[in-house]
Amino acid sequence: MSSLAKLVLTACVLAIVAPAQSLTFWNTFDSNAAIQNSVVGPPLAFYGGGDRPYQTVVASTAYRPGVSGNALTLGPAPYLAGIRTHAIELPNPGAVLNPERGTIEAWWFNRQELAPYVNNAHTLFGQMPDCSYEAGMLLYVNHPAFWSTARVSFMIKLCGATVEVTSPVDGIAGAPLVNALNQWLHFAAVWDRAGIAGTTDRVRLYVNGQIVAKSTASTWGTTFGPVAAVAGAADWDLPYKYFVDEMKFWDAAKTTFDTHFGVYAAQIDGPGSAILGAYGGPPGWTYFTAITADPLNAGAGFGAGPWGGLFISPEEVLFQWTTQQAPFVGSLDAWGDSRFLWGPGALSALAGTTLYTVTHAVDPTSWVSPIVVVSWPTQVTL
């Protein structure tokens, strides 16, 4: 056993996470109780019907394993083709959203292709028919009959002109979602009337951290409506078909997002104690974590190595992964996570060492032609 591996088996990497800045709202969607108790910002409310000028079905809520903990989905209800449905709503959205700049981000998972008048559309946040009774923003996935595939889009009105993002590829509103079934996708709607990050872009839509649609218009208004629908939909074939998780609002036009399957570490029980784990992976998959002190990973080399961005010798990877034990090898739990604990004093032998780690997750049912997801590397100086 290599000296580094011996240390890792009895110690752990520490990671320093910067505190969240300008976070005005965060709901985990873990349960009915979580809906009514946001981590940050005001509670959400269950839609009771009767306050919309258009016909609306009151949806039920259900929960399944998500990106972190559980995710929200729609349960059984008397859904109708062509009719909107609401389950959750945010009263007074203007209390946590800024008309001049901001970000709405959430995770989305879809189990069935969208089809007009069957299960179309998915409204993650908002509605836009009239600013007198809706938020004036809309983050949604839709599949009209004249489009070849479903698209995700974002529009903002706020009692002014409607501004919607368009794809730079085809010039159509939103961006196409191709081969998007059965995987978590991260959506982020971003706006800044003065320009996002010093550019001429005023509104952007990101999918998994990449800009997929944008607009340079800034003519939306300044007035939010009294309520915003959250995790709504339309049509009839809806129960357990799509999921939303970890919705956050920021009072800033963000340009970077934590959208990847990742690894984390933190002190948990005083000096020398730690937890090392992975998050956001496919539940039940087998994970392989590689850890090294190779200096090739320093500076410009960070994220440029051949092992999912990591520089590590084949011998070191082979030894670690053939141990067939945590923290190197194990199974992701029902939430797509793994955790490994070390007690107090376990880190003293690694003081001053910079370690780099990356995790691969492999579908254990497809070893002949495996499907693999890879985390972004993490580095830390102990």
# chains A, B, ... in the order shown; residues from 1 in each chain; ligands from 1

call {"tool": "residues_around", "arguments": {"residues": "Trp285 in chain A", "least_positions_apart": "6", "cutoff": "10 Å", "atoms": "only C-alpha atoms", "output": "list in words"}}
result
Gly330, Ser331, Leu332, Asp333, Ala334, Gly336, Asp337, His360, Ala361, Val362, Asp363, Pro364, Thr365, Ile371, Val372 and Val373 of chain A

call {"tool": "write_last_selection", "arguments": {"atoms": "C-alpha atoms", "output": "PDB file, in the first residue's frame"}}
result
ATOM      1  CA  GLY A 330     -18.490   2.074  -3.029  1.00  0.00           C
ATOM      2  CA  SER A 331     -22.132   2.576  -4.049  1.00  0.00           C
ATOM      3  CA  LEU A 332     -24.043   5.833  -4.242  1.00  0.00           C
ATOM      4  CA  ASP A 333     -27.092   5.787  -2.008  1.00  0.00           C
ATOM      5  CA  ALA A 334     -30.731   6.374  -2.924  1.00  0.00           C
ATOM      6  CA  GLY A 336     -26.933   9.693  -5.350  1.00  0.00           C
ATOM      7  CA  ASP A 337     -24.566  10.455  -2.461  1.00  0.00           C
ATOM      8  CA  HIS A 360     -16.188   8.633 -11.411  1.00  0.00           C
ATOM      9  CA  ALA A 361     -19.583   6.935 -11.156  1.00  0.00           C
ATOM     10  CA  VAL A 362     -20.370   3.906 -13.317  1.00  0.00           C
ATOM     11  CA  ASP A 363     -23.694   2.231 -14.053  1.00  0.00           C
ATOM     12  CA  PRO A 364     -23.230  -1.237 -12.507  1.00  0.00           C
ATOM     13  CA  THR A 365     -25.796  -2.762 -14.860  1.00  0.00           C
ATOM     14  CA  ILE A 371     -22.154   4.804 -18.829  1.00  0.00           C
ATOM     15  CA  VAL A 372     -19.937   7.066 -16.717  1.00  0.00           C
ATOM     16  CA  VAL A 373     -20.387  10.443 -15.047  1.00  0.00           C
TER      17      VAL A 373
END

call {"tool": "residues_around", "arguments": {"residues": "Ala253 in chain A", "least_positions_apart": "2", "cutoff": "10 Å", "atoms": "only C-alpha atoms", "output": "list in words"}}
result
Ser22, Glu100, Arg101, Gly102, Thr103, Ile104, Ala189, Val190, Trp191, Asp192, Arg193, Gly195, Ile196, Ala197, Arg202, Val203, Arg204, Trp250, Asp251, Thr255 and Thr256 of chain A

call {"tool": "write_last_selection", "arguments": {"atoms": "C-alpha atoms", "output": "PDB file, in the first residue's frame"}}
result
ATOM      1  CA  SER A  22     -26.903  37.453  -2.195  1.00  0.00           C
ATOM      2  CA  GLU A 100     -33.128  44.984 -12.122  1.00  0.00           C
ATOM      3  CA  ARG A 101     -30.954  41.894 -11.712  1.00  0.00           C
ATOM      4  CA  GLY A 102     -31.168  38.384 -10.370  1.00  0.00           C
ATOM      5  CA  THR A 103     -30.956  34.643 -10.880  1.00  0.00           C
ATOM      6  CA  ILE A 104     -33.460  31.798 -10.573  1.00  0.00           C
ATOM      7  CA  ALA A 189     -32.452  32.144 -15.620  1.00  0.00           C
ATOM      8  CA  VAL A 190     -30.327  35.293 -15.253  1.00  0.00           C
ATOM      9  CA  TRP A 191     -31.126  38.952 -15.870  1.00  0.00           C
ATOM     10  CA  ASP A 192     -29.369  42.287 -15.420  1.00  0.00           C
ATOM     11  CA  ARG A 193     -30.746  45.436 -17.011  1.00  0.00           C
ATOM     12  CA  GLY A 195     -25.676  44.053 -18.713  1.00  0.00           C
ATOM     13  CA  ILE A 196     -24.642  40.634 -17.408  1.00  0.00           C
ATOM     14  CA  ALA A 197     -20.986  40.569 -16.354  1.00  0.00           C
ATOM     15  CA  ARG A 202     -29.457  41.466 -20.481  1.00  0.00           C
ATOM     16  CA  VAL A 203     -31.123  38.072 -20.090  1.00  0.00           C
ATOM     17  CA  ARG A 204     -29.548  34.620 -20.265  1.00  0.00           C
ATOM     18  CA  TRP A 250     -30.079  35.332  -6.013  1.00  0.00           C
ATOM     19  CA  ASP A 251     -29.965  39.112  -5.938  1.00  0.00           C
ATOM     20  CA  THR A 255     -22.529  33.363 -14.383  1.00  0.00           C
ATOM     21  CA  THR A 256     -21.153  30.256 -12.661  1.00  0.00           C
TER      22      THR A 256
END

call {"tool": "residues_around", "arguments": {"residues": "range 164-176 of chain A", "least_positions_apart": "5", "cutoff": "8 Å", "atoms": "only C-alpha atoms", "output": "mmCIF file with C-alpha atoms, in the first residue's frame"}}
result
data_model
loop_
_atom_site.group_PDB
_atom_site.id
_atom_site.type_symbol
_atom_site.label_atom_id
_atom_site.label_comp_id
_atom_site.auth_asym_id
_atom_site.auth_seq_id
_atom_site.Cartn_x
_atom_site.Cartn_y
_atom_site.Cartn_z
ATOM 1 C CA THR A 149 -38.398 18.829 -29.778
ATOM 2 C CA ALA A 150 -39.137 20.249 -26.361
ATOM 3 C CA ARG A 151 -37.406 23.496 -25.453
ATOM 4 C CA VAL A 152 -36.549 25.256 -22.219
ATOM 5 C CA SER A 153 -37.020 29.004 -22.116
ATOM 6 C CA PHE A 154 -37.239 32.051 -19.863
ATOM 7 C CA MET A 155 -39.188 35.256 -20.311
ATOM 8 C CA ILE A 156 -39.565 38.373 -18.189
ATOM 9 C CA VAL A 203 -31.123 38.072 -20.090
ATOM 10 C CA ARG A 204 -29.548 34.620 -20.265
ATOM 11 C CA LEU A 205 -30.621 31.021 -19.879
ATOM 12 C CA VAL A 212 -28.000 28.201 -24.380
ATOM 13 C CA ALA A 213 -30.178 31.263 -25.056
ATOM 14 C CA LYS A 214 -30.036 35.005 -24.416
ATOM 15 C CA SER A 215 -31.435 38.457 -25.205
#

call {"tool": "atom_distance", "arguments": {"atom1": "CA of Tyr63 in chain A", "atom2": "CA of Leu97 in chain A"}}
result
26.3 Å

call {"tool": "residues_around", "arguments": {"residues": "Ala298 in chain A", "least_positions_apart": "4", "cutoff": "10 Å", "atoms": "only C-alpha atoms", "output": "number ranges by chain"}}
result
A: 293-294, 302-304, 311, 354-356, 379
